[in-house]
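Shown here: final.txt, compact mmCIF, N, CA and C atoms and all ligand atoms.
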# COMPACT_ATOMS: atom_id res chain seq x y z
N MET A 1 81.53 109.92 66.31
CA MET A 1 82.83 109.75 66.97
C MET A 1 83.95 109.72 65.93
N HIS A 2 84.78 110.74 65.92
CA HIS A 2 85.94 110.74 65.03
C HIS A 2 87.17 110.46 65.87
N SER A 3 87.73 109.32 65.67
CA SER A 3 88.86 108.92 66.51
C SER A 3 90.05 109.86 66.33
N THR A 4 90.14 110.54 65.17
CA THR A 4 91.28 111.42 64.92
C THR A 4 91.26 112.63 65.85
N THR A 5 90.07 113.04 66.31
CA THR A 5 89.99 114.23 67.16
C THR A 5 89.94 113.88 68.64
N ARG A 6 89.96 112.60 68.96
CA ARG A 6 89.82 112.21 70.37
C ARG A 6 90.92 112.81 71.24
N ASN A 7 92.14 112.80 70.74
CA ASN A 7 93.24 113.34 71.51
C ASN A 7 93.09 114.84 71.75
N GLU A 8 92.64 115.55 70.70
CA GLU A 8 92.44 117.00 70.85
C GLU A 8 91.31 117.28 71.83
N ASP A 9 90.26 116.49 71.77
CA ASP A 9 89.15 116.64 72.71
C ASP A 9 89.63 116.44 74.14
N ALA A 10 90.43 115.42 74.32
CA ALA A 10 90.95 115.11 75.66
C ALA A 10 91.83 116.24 76.16
N ALA A 11 92.63 116.81 75.27
CA ALA A 11 93.51 117.92 75.65
C ALA A 11 92.69 119.15 76.00
N ALA A 12 91.63 119.40 75.23
CA ALA A 12 90.77 120.56 75.49
C ALA A 12 90.04 120.39 76.82
N ALA A 13 89.57 119.18 77.10
CA ALA A 13 88.88 118.92 78.36
C ALA A 13 89.83 119.09 79.53
N ALA A 14 91.07 118.67 79.33
CA ALA A 14 92.06 118.76 80.40
C ALA A 14 92.39 120.21 80.74
N LEU A 15 92.35 121.09 79.72
CA LEU A 15 92.71 122.49 79.93
C LEU A 15 91.86 123.17 81.00
N GLN A 16 90.65 122.67 81.18
CA GLN A 16 89.76 123.21 82.20
C GLN A 16 90.37 123.11 83.60
N PHE A 17 91.25 122.13 83.77
CA PHE A 17 91.84 121.90 85.09
C PHE A 17 93.34 122.18 85.10
N GLN A 18 93.83 122.85 84.06
CA GLN A 18 95.25 123.15 83.98
C GLN A 18 95.50 124.64 84.11
N PRO A 19 96.67 125.03 84.63
CA PRO A 19 96.95 126.47 84.80
C PRO A 19 97.08 127.18 83.46
N LEU A 20 96.81 128.47 83.46
CA LEU A 20 96.89 129.25 82.22
C LEU A 20 98.33 129.39 81.75
N THR A 21 99.23 129.53 82.71
CA THR A 21 100.63 129.66 82.35
C THR A 21 101.43 128.52 82.95
N VAL A 22 102.48 128.13 82.23
CA VAL A 22 103.31 127.02 82.69
C VAL A 22 104.74 127.51 82.83
N ASP A 23 105.36 127.19 83.95
CA ASP A 23 106.76 127.52 84.19
C ASP A 23 107.61 126.31 83.78
N ASP A 24 108.31 126.48 82.67
CA ASP A 24 109.09 125.36 82.12
C ASP A 24 110.25 124.93 83.01
N THR A 25 110.64 125.80 83.95
CA THR A 25 111.76 125.44 84.80
C THR A 25 111.32 124.61 86.00
N LYS A 26 110.01 124.49 86.20
CA LYS A 26 109.49 123.72 87.34
C LYS A 26 108.93 122.38 86.87
N CYS A 27 108.68 121.53 87.84
CA CYS A 27 108.06 120.24 87.58
C CYS A 27 106.74 120.45 86.83
N LEU A 28 106.51 119.67 85.80
CA LEU A 28 105.33 119.87 84.95
C LEU A 28 104.10 119.09 85.43
N ALA A 29 104.16 118.60 86.66
CA ALA A 29 103.01 117.86 87.17
C ALA A 29 101.87 118.81 87.53
N LEU A 30 100.67 118.35 87.30
CA LEU A 30 99.48 119.10 87.69
C LEU A 30 99.16 118.76 89.14
N MET A 31 98.82 119.79 89.93
CA MET A 31 98.47 119.57 91.33
C MET A 31 96.98 119.30 91.45
N TRP A 32 96.63 118.44 92.38
CA TRP A 32 95.22 118.11 92.62
C TRP A 32 94.47 119.34 93.15
N ASN A 33 95.14 120.08 94.06
CA ASN A 33 94.57 121.33 94.58
C ASN A 33 93.12 121.16 95.02
N ARG A 34 92.86 120.13 95.78
CA ARG A 34 91.52 119.84 96.30
C ARG A 34 90.47 119.74 95.19
N GLY A 35 90.89 119.16 94.08
CA GLY A 35 89.95 118.92 93.00
C GLY A 35 89.81 120.08 92.04
N ARG A 36 90.49 121.20 92.35
CA ARG A 36 90.37 122.35 91.47
C ARG A 36 91.45 122.40 90.41
N GLY A 37 92.54 121.72 90.65
CA GLY A 37 93.62 121.70 89.68
C GLY A 37 94.16 123.10 89.42
N ARG A 38 94.46 123.38 88.16
CA ARG A 38 94.93 124.72 87.74
C ARG A 38 96.15 125.19 88.51
N GLN A 39 96.93 124.25 88.97
CA GLN A 39 98.11 124.62 89.72
C GLN A 39 99.26 123.70 89.33
N GLN A 40 100.39 124.32 89.04
CA GLN A 40 101.57 123.55 88.68
C GLN A 40 102.39 123.27 89.93
N CYS A 41 103.07 122.16 89.93
CA CYS A 41 103.96 121.83 91.04
C CYS A 41 105.03 122.91 91.15
N CYS A 42 105.43 123.25 92.39
CA CYS A 42 106.40 124.32 92.59
C CYS A 42 107.83 123.80 92.77
N LEU A 43 107.98 122.48 92.70
CA LEU A 43 109.31 121.92 92.90
C LEU A 43 110.08 121.86 91.58
N PHE A 44 111.40 121.74 91.68
CA PHE A 44 112.20 121.63 90.47
C PHE A 44 112.24 120.18 90.00
N PRO A 45 112.24 120.00 88.67
CA PRO A 45 112.28 118.62 88.14
C PRO A 45 113.62 117.95 88.43
N MET A 46 113.61 116.63 88.43
CA MET A 46 114.84 115.89 88.58
C MET A 46 115.68 116.10 87.31
N SER A 47 117.01 116.04 87.45
CA SER A 47 117.85 116.35 86.30
C SER A 47 117.57 115.40 85.14
N GLY A 48 117.45 115.99 83.95
CA GLY A 48 117.18 115.21 82.76
C GLY A 48 115.71 114.92 82.54
N GLY A 49 114.85 115.31 83.48
CA GLY A 49 113.43 115.04 83.33
C GLY A 49 112.61 116.31 83.42
N SER A 50 111.30 116.16 83.37
CA SER A 50 110.42 117.31 83.48
C SER A 50 109.56 117.23 84.73
N LEU A 51 109.80 116.21 85.56
CA LEU A 51 109.00 116.01 86.76
C LEU A 51 109.89 115.90 87.99
N CYS A 52 109.37 116.35 89.15
CA CYS A 52 110.13 116.27 90.39
C CYS A 52 110.05 114.85 90.96
N LYS A 53 110.72 114.67 92.08
CA LYS A 53 110.81 113.35 92.69
C LYS A 53 109.45 112.77 93.08
N VAL A 54 108.56 113.61 93.60
CA VAL A 54 107.28 113.08 94.08
C VAL A 54 106.27 112.88 92.95
N HIS A 55 106.55 113.44 91.78
CA HIS A 55 105.56 113.34 90.71
C HIS A 55 105.99 112.45 89.55
N GLN A 56 106.93 111.57 89.81
CA GLN A 56 107.40 110.69 88.73
C GLN A 56 106.25 109.90 88.11
N ARG A 57 105.25 109.59 88.92
CA ARG A 57 104.11 108.83 88.39
C ARG A 57 102.96 109.73 87.94
N GLN A 58 103.19 111.04 87.97
CA GLN A 58 102.18 112.02 87.55
C GLN A 58 100.79 111.67 88.07
N PRO A 59 100.59 111.67 89.37
CA PRO A 59 99.32 111.21 89.94
C PRO A 59 98.11 111.97 89.42
N HIS A 60 98.28 113.21 89.01
CA HIS A 60 97.13 113.99 88.54
C HIS A 60 97.30 114.46 87.10
N GLY A 61 98.19 113.80 86.36
CA GLY A 61 98.45 114.24 85.00
C GLY A 61 99.44 115.39 84.98
N LYS A 62 99.57 116.01 83.84
CA LYS A 62 100.52 117.11 83.71
C LYS A 62 99.79 118.41 83.38
N VAL A 63 100.56 119.53 83.42
CA VAL A 63 99.95 120.84 83.23
C VAL A 63 99.59 121.12 81.76
N ARG A 64 100.05 120.27 80.87
CA ARG A 64 99.67 120.38 79.46
C ARG A 64 99.43 118.97 78.92
N GLY A 65 98.58 118.91 77.90
CA GLY A 65 98.28 117.63 77.30
C GLY A 65 97.12 116.95 78.02
N PRO A 66 96.63 115.84 77.47
CA PRO A 66 95.47 115.17 78.06
C PRO A 66 95.76 114.65 79.47
N ILE A 67 94.77 114.75 80.35
CA ILE A 67 94.82 114.15 81.68
C ILE A 67 94.26 112.74 81.54
N PRO A 68 94.81 111.77 82.27
CA PRO A 68 94.22 110.42 82.21
C PRO A 68 92.71 110.47 82.46
N ALA A 69 91.95 109.70 81.69
CA ALA A 69 90.48 109.77 81.73
C ALA A 69 89.92 109.60 83.14
N ALA A 70 90.50 108.68 83.90
CA ALA A 70 90.00 108.43 85.26
C ALA A 70 90.19 109.67 86.13
N LYS A 71 91.36 110.33 85.96
CA LYS A 71 91.64 111.53 86.76
C LYS A 71 90.73 112.68 86.36
N LEU A 72 90.49 112.78 85.05
CA LEU A 72 89.61 113.83 84.54
C LEU A 72 88.21 113.71 85.14
N SER A 73 87.71 112.50 85.23
CA SER A 73 86.37 112.33 85.80
C SER A 73 86.38 112.61 87.30
N GLN A 74 87.52 112.36 87.96
CA GLN A 74 87.65 112.72 89.39
C GLN A 74 87.58 114.24 89.56
N PHE A 75 88.31 114.95 88.69
CA PHE A 75 88.29 116.41 88.74
C PHE A 75 86.87 116.91 88.52
N ARG A 76 86.18 116.31 87.55
CA ARG A 76 84.82 116.76 87.24
C ARG A 76 83.86 116.51 88.40
N LYS A 77 84.08 115.39 89.08
CA LYS A 77 83.24 115.06 90.24
C LYS A 77 83.43 116.10 91.34
N GLU A 78 84.69 116.49 91.57
CA GLU A 78 84.99 117.48 92.60
C GLU A 78 84.36 118.83 92.25
N LEU A 79 84.33 119.12 90.96
CA LEU A 79 83.79 120.39 90.49
C LEU A 79 82.31 120.52 90.83
N LEU A 80 81.62 119.40 90.90
CA LEU A 80 80.18 119.40 91.17
C LEU A 80 79.87 119.56 92.66
N LYS A 81 80.89 119.34 93.49
CA LYS A 81 80.66 119.47 94.93
C LYS A 81 80.51 120.92 95.33
N PRO A 82 79.72 121.20 96.35
CA PRO A 82 79.57 122.59 96.83
C PRO A 82 80.90 123.13 97.34
N GLU A 83 81.09 124.44 97.23
CA GLU A 83 82.38 125.04 97.56
C GLU A 83 82.52 125.43 99.01
N LYS A 84 81.52 125.18 99.82
CA LYS A 84 81.53 125.71 101.19
C LYS A 84 82.74 125.26 102.01
N ASP A 85 83.25 124.08 101.67
CA ASP A 85 84.37 123.55 102.45
C ASP A 85 85.71 123.84 101.78
N SER A 86 85.70 124.75 100.82
CA SER A 86 86.93 124.94 100.06
C SER A 86 88.01 125.64 100.87
N LYS A 87 89.17 125.06 100.86
CA LYS A 87 90.33 125.69 101.48
C LYS A 87 91.45 125.68 100.45
N GLN A 88 91.67 126.81 99.85
CA GLN A 88 92.71 126.89 98.83
C GLN A 88 94.09 126.91 99.48
N TRP A 89 95.06 126.41 98.73
CA TRP A 89 96.44 126.52 99.20
C TRP A 89 96.91 127.92 98.86
N TYR A 90 96.37 128.93 99.60
CA TYR A 90 96.70 130.29 99.23
C TYR A 90 98.07 130.71 99.72
N ALA A 91 98.66 129.93 100.61
CA ALA A 91 99.99 130.28 101.07
C ALA A 91 100.81 129.01 101.28
N ARG A 92 102.08 129.14 101.04
CA ARG A 92 102.94 127.98 101.12
C ARG A 92 103.07 127.46 102.56
N TYR A 93 103.01 128.37 103.53
CA TYR A 93 103.15 127.92 104.91
C TYR A 93 101.98 127.03 105.31
N LEU A 94 100.83 127.27 104.70
CA LEU A 94 99.67 126.44 104.98
C LEU A 94 99.92 125.02 104.50
N MET A 95 100.50 124.93 103.32
CA MET A 95 100.84 123.63 102.75
C MET A 95 101.85 122.94 103.67
N TRP A 96 102.78 123.71 104.19
CA TRP A 96 103.77 123.16 105.10
C TRP A 96 103.11 122.65 106.38
N GLY A 97 102.09 123.37 106.83
CA GLY A 97 101.39 122.97 108.04
C GLY A 97 100.82 121.58 107.90
N VAL A 98 100.21 121.30 106.77
CA VAL A 98 99.63 120.00 106.51
C VAL A 98 100.73 118.96 106.33
N ALA A 99 101.75 119.35 105.61
CA ALA A 99 102.85 118.42 105.37
C ALA A 99 103.47 117.99 106.70
N ALA A 100 103.57 118.93 107.63
CA ALA A 100 104.15 118.63 108.94
C ALA A 100 103.28 117.67 109.74
N GLN A 101 101.97 117.73 109.49
CA GLN A 101 101.06 116.84 110.20
C GLN A 101 101.13 115.41 109.67
N ILE A 102 101.17 115.28 108.35
CA ILE A 102 101.16 113.94 107.79
C ILE A 102 102.54 113.31 107.75
N ALA A 103 103.58 114.12 107.82
CA ALA A 103 104.94 113.59 107.81
C ALA A 103 105.84 114.51 108.63
N PRO A 104 105.73 114.40 109.98
CA PRO A 104 106.40 115.36 110.87
C PRO A 104 107.93 115.40 110.72
N ASP A 105 108.52 114.33 110.22
CA ASP A 105 109.98 114.30 110.21
C ASP A 105 110.60 114.69 108.88
N ILE A 106 109.79 115.18 107.94
CA ILE A 106 110.40 115.57 106.68
C ILE A 106 111.09 116.91 106.82
N THR A 107 112.09 117.14 105.99
CA THR A 107 112.80 118.41 106.02
C THR A 107 112.47 119.26 104.81
N SER A 108 111.84 118.67 103.80
CA SER A 108 111.40 119.45 102.65
C SER A 108 110.20 118.76 102.04
N LEU A 109 109.44 119.50 101.23
CA LEU A 109 108.25 118.92 100.62
C LEU A 109 108.61 117.76 99.70
N SER A 110 109.84 117.78 99.18
CA SER A 110 110.23 116.70 98.29
C SER A 110 110.51 115.41 99.06
N GLY A 111 110.48 115.51 100.41
CA GLY A 111 110.66 114.32 101.23
C GLY A 111 109.38 113.53 101.39
N LEU A 112 108.28 114.05 100.88
CA LEU A 112 107.01 113.34 100.99
C LEU A 112 106.96 112.19 100.01
N THR A 113 106.28 111.13 100.39
CA THR A 113 106.06 110.04 99.44
C THR A 113 104.93 110.47 98.51
N PRO A 114 104.83 109.86 97.34
CA PRO A 114 103.72 110.20 96.42
C PRO A 114 102.36 110.04 97.08
N GLU A 115 102.22 109.06 97.97
CA GLU A 115 100.94 108.84 98.65
C GLU A 115 100.62 109.99 99.58
N GLN A 116 101.62 110.47 100.30
CA GLN A 116 101.40 111.61 101.20
C GLN A 116 101.11 112.87 100.39
N TYR A 117 101.79 113.01 99.28
CA TYR A 117 101.65 114.18 98.45
C TYR A 117 100.28 114.20 97.80
N GLU A 118 99.70 113.04 97.62
CA GLU A 118 98.42 112.88 96.97
C GLU A 118 97.33 113.70 97.63
N VAL A 119 97.38 113.85 98.95
CA VAL A 119 96.32 114.55 99.65
C VAL A 119 96.41 116.06 99.46
N MET A 120 97.51 116.56 98.92
CA MET A 120 97.66 118.00 98.82
C MET A 120 97.13 118.55 97.50
ZN ZN A 201 106.22 117.86 91.11
The structure given in the file should be rewritten as structure tokens.
Ligand SMILES: [Zn+2]
Amino acid sequence: MHSTTRNEDAAAAALQFQPLTVDDTKCLALMWNRGRGRQQCCLFPMSGGSLCKVHQRQPHGKVRGPIPAAKLSQFRKELLKPEKDSKQWYARYLMWGVAAQIAPDITSLSGLTPEQYEVM
């Protein structure tokens, strides 16, 4: 165990669940994406910051750098599950459909609370 490389190891492990490209103009939060990750938040960050309103607490870590150890093991656990039930967020309207179910009165995705956003 070399403590000097621990951070690099953590960053390398995190990359498995991070998108290949990062849009610097968007929120830098990593999306849970049903345990698959590899998706950056599509919302714009709050002024002066790098994260949007719903991701201030970075529930799933960020698109670059180490993911919190607990979250990383959650991602790994999901990876081991069979894919038969996989439903990718392949379209934004689908995401809206779910958002409308869990929070019918919101007018935008940024109106979701972090807890509601957590399921997406
Ligand atoms: Zn965000």
**Asked** Near region 26-29 of chain A, within 5 Å and counting all atoms listed in the file, which residues show up once chain neighbours fewer than 2 positions away are dropped, as an NGL selection string?
**Response** :A and (23-24 or 31 or 40-41 or 43-45 or 50-52 or 61-63)
**Asked** Could you name the residues that touch Ala13 (chain A) at 12 Å or less, counting only C-alpha atoms, but leaving out those on the same chain fewer than 4 positions away, as a list in words?
**Response**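 Listing them by chain and then by number gives Arg6, Asn7, Glu8, Asp9, Phe17, Gln18, Arg64, Gly65, Pro66, Ile67, Pro68, Ala69, Lys71, Leu72, Ser73, Phe75 and Arg76 of chain A.
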**Pick from A:Ala10, A:Val22, A:Met46, A:Leu15 nearest to ligand ZN 201 (chain A), counting only N, CA and C atoms and all ligand atoms** =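 Closest residue, counting only N, CA and C atoms and all ligand atoms: A:Met46.
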**Message:** Considering only C-alpha atoms and all ligand atoms, can you say which of A:Thr25, A:Gln58, A:Lys81, A:Gly37 comes closest to ligand ZN 201 (chain A)?
**Reply:**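 Answer, going by the shortest atom-to-atom distance: A:Gln58.
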**Message:** Please report the interatomic distance between atom N of Leu79 (chain A) and CA of Gln101 (chain A) in Å with one decimal.
**Reply:**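 Computing it gives 25.6 Å between the two atoms.
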Please report, as AutoDock Vina command-line options, the centre and edge lengths in Å to one decimal of an axis-aligned box covering all listed atoms of region 37-51 of chain A with 8 Å per side.
--center_x 105.2 --center_y 120.1 --center_z 87.7 --size_x 41.3 --size_y 26.3 --size_z 26.4
**Request:** Any chance you could list, as a PyMOL selection string, the residues in region 32-72 of chain A that come up alpha helix (DSSP H) when DSSP is run on the backbone?
**Result:** chain A and resi 69-72
**Asked** Using only C-alpha atoms and all ligand atoms, which of A:Ala103, A:Leu80, A:Val54, A:Ala70 sits nearest ligand ZN 201 (chain A)?
**Response**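 Smallest separation from ligand ZN 201 (chain A) among the options: A:Val54.
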**Item:** Straight-line distance linking CA of Asn33 (chain A) with CA of Ala11 (chain A), stated in Å to one decimal
**Value:**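 Separating CA of Asn33 (chain A) from CA of Ala11 (chain A) is a distance of 19.3 Å.
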**Message:** Going by DSSP on the backbone, which residues of region 1-81 of chain A come out as strand (DSSP E or B)? List them as a list in words.
**Reply:**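 Here are the strand (DSSP E or B) residues of region 1-81 of chain A: Ala29, Leu30, Gln40 and Lys62 of chain A.
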**Prompt:** Given the choices A:Arg34, A:Pro19, A:Cys42, A:Glu78, which gets closest to ligand ZN 201 (chain A) if the distance is worked out from all atoms listed in the file?
**Reply:**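 Looking at the shortest contact to ligand ZN 201 (chain A), the residue is A:Cys42.
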**Asked** Quick one: distance from CA of Leu30 (chain A) to CA of Ser47 (chain A) in Å, one decimal?
**Response**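 Computing it gives 18.6 Å between the two atoms.
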**Message:** Calculated over only C-alpha atoms and all ligand atoms, which of the candidates A:Gln16, A:Thr113, A:Gly48, A:Lys53 has the smallest distance to ligand ZN 201 (chain A)?
**Reply:**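 Looking at the shortest contact to ligand ZN 201 (chain A), the residue is A:Lys53.
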**Message:** Given only C-alpha atoms as the basis, pick out the residue of A:Gln39, A:Ala14, A:Gly49, A:Leu20 nearest to Gln74 (chain A).
**Reply:** A:Ala14
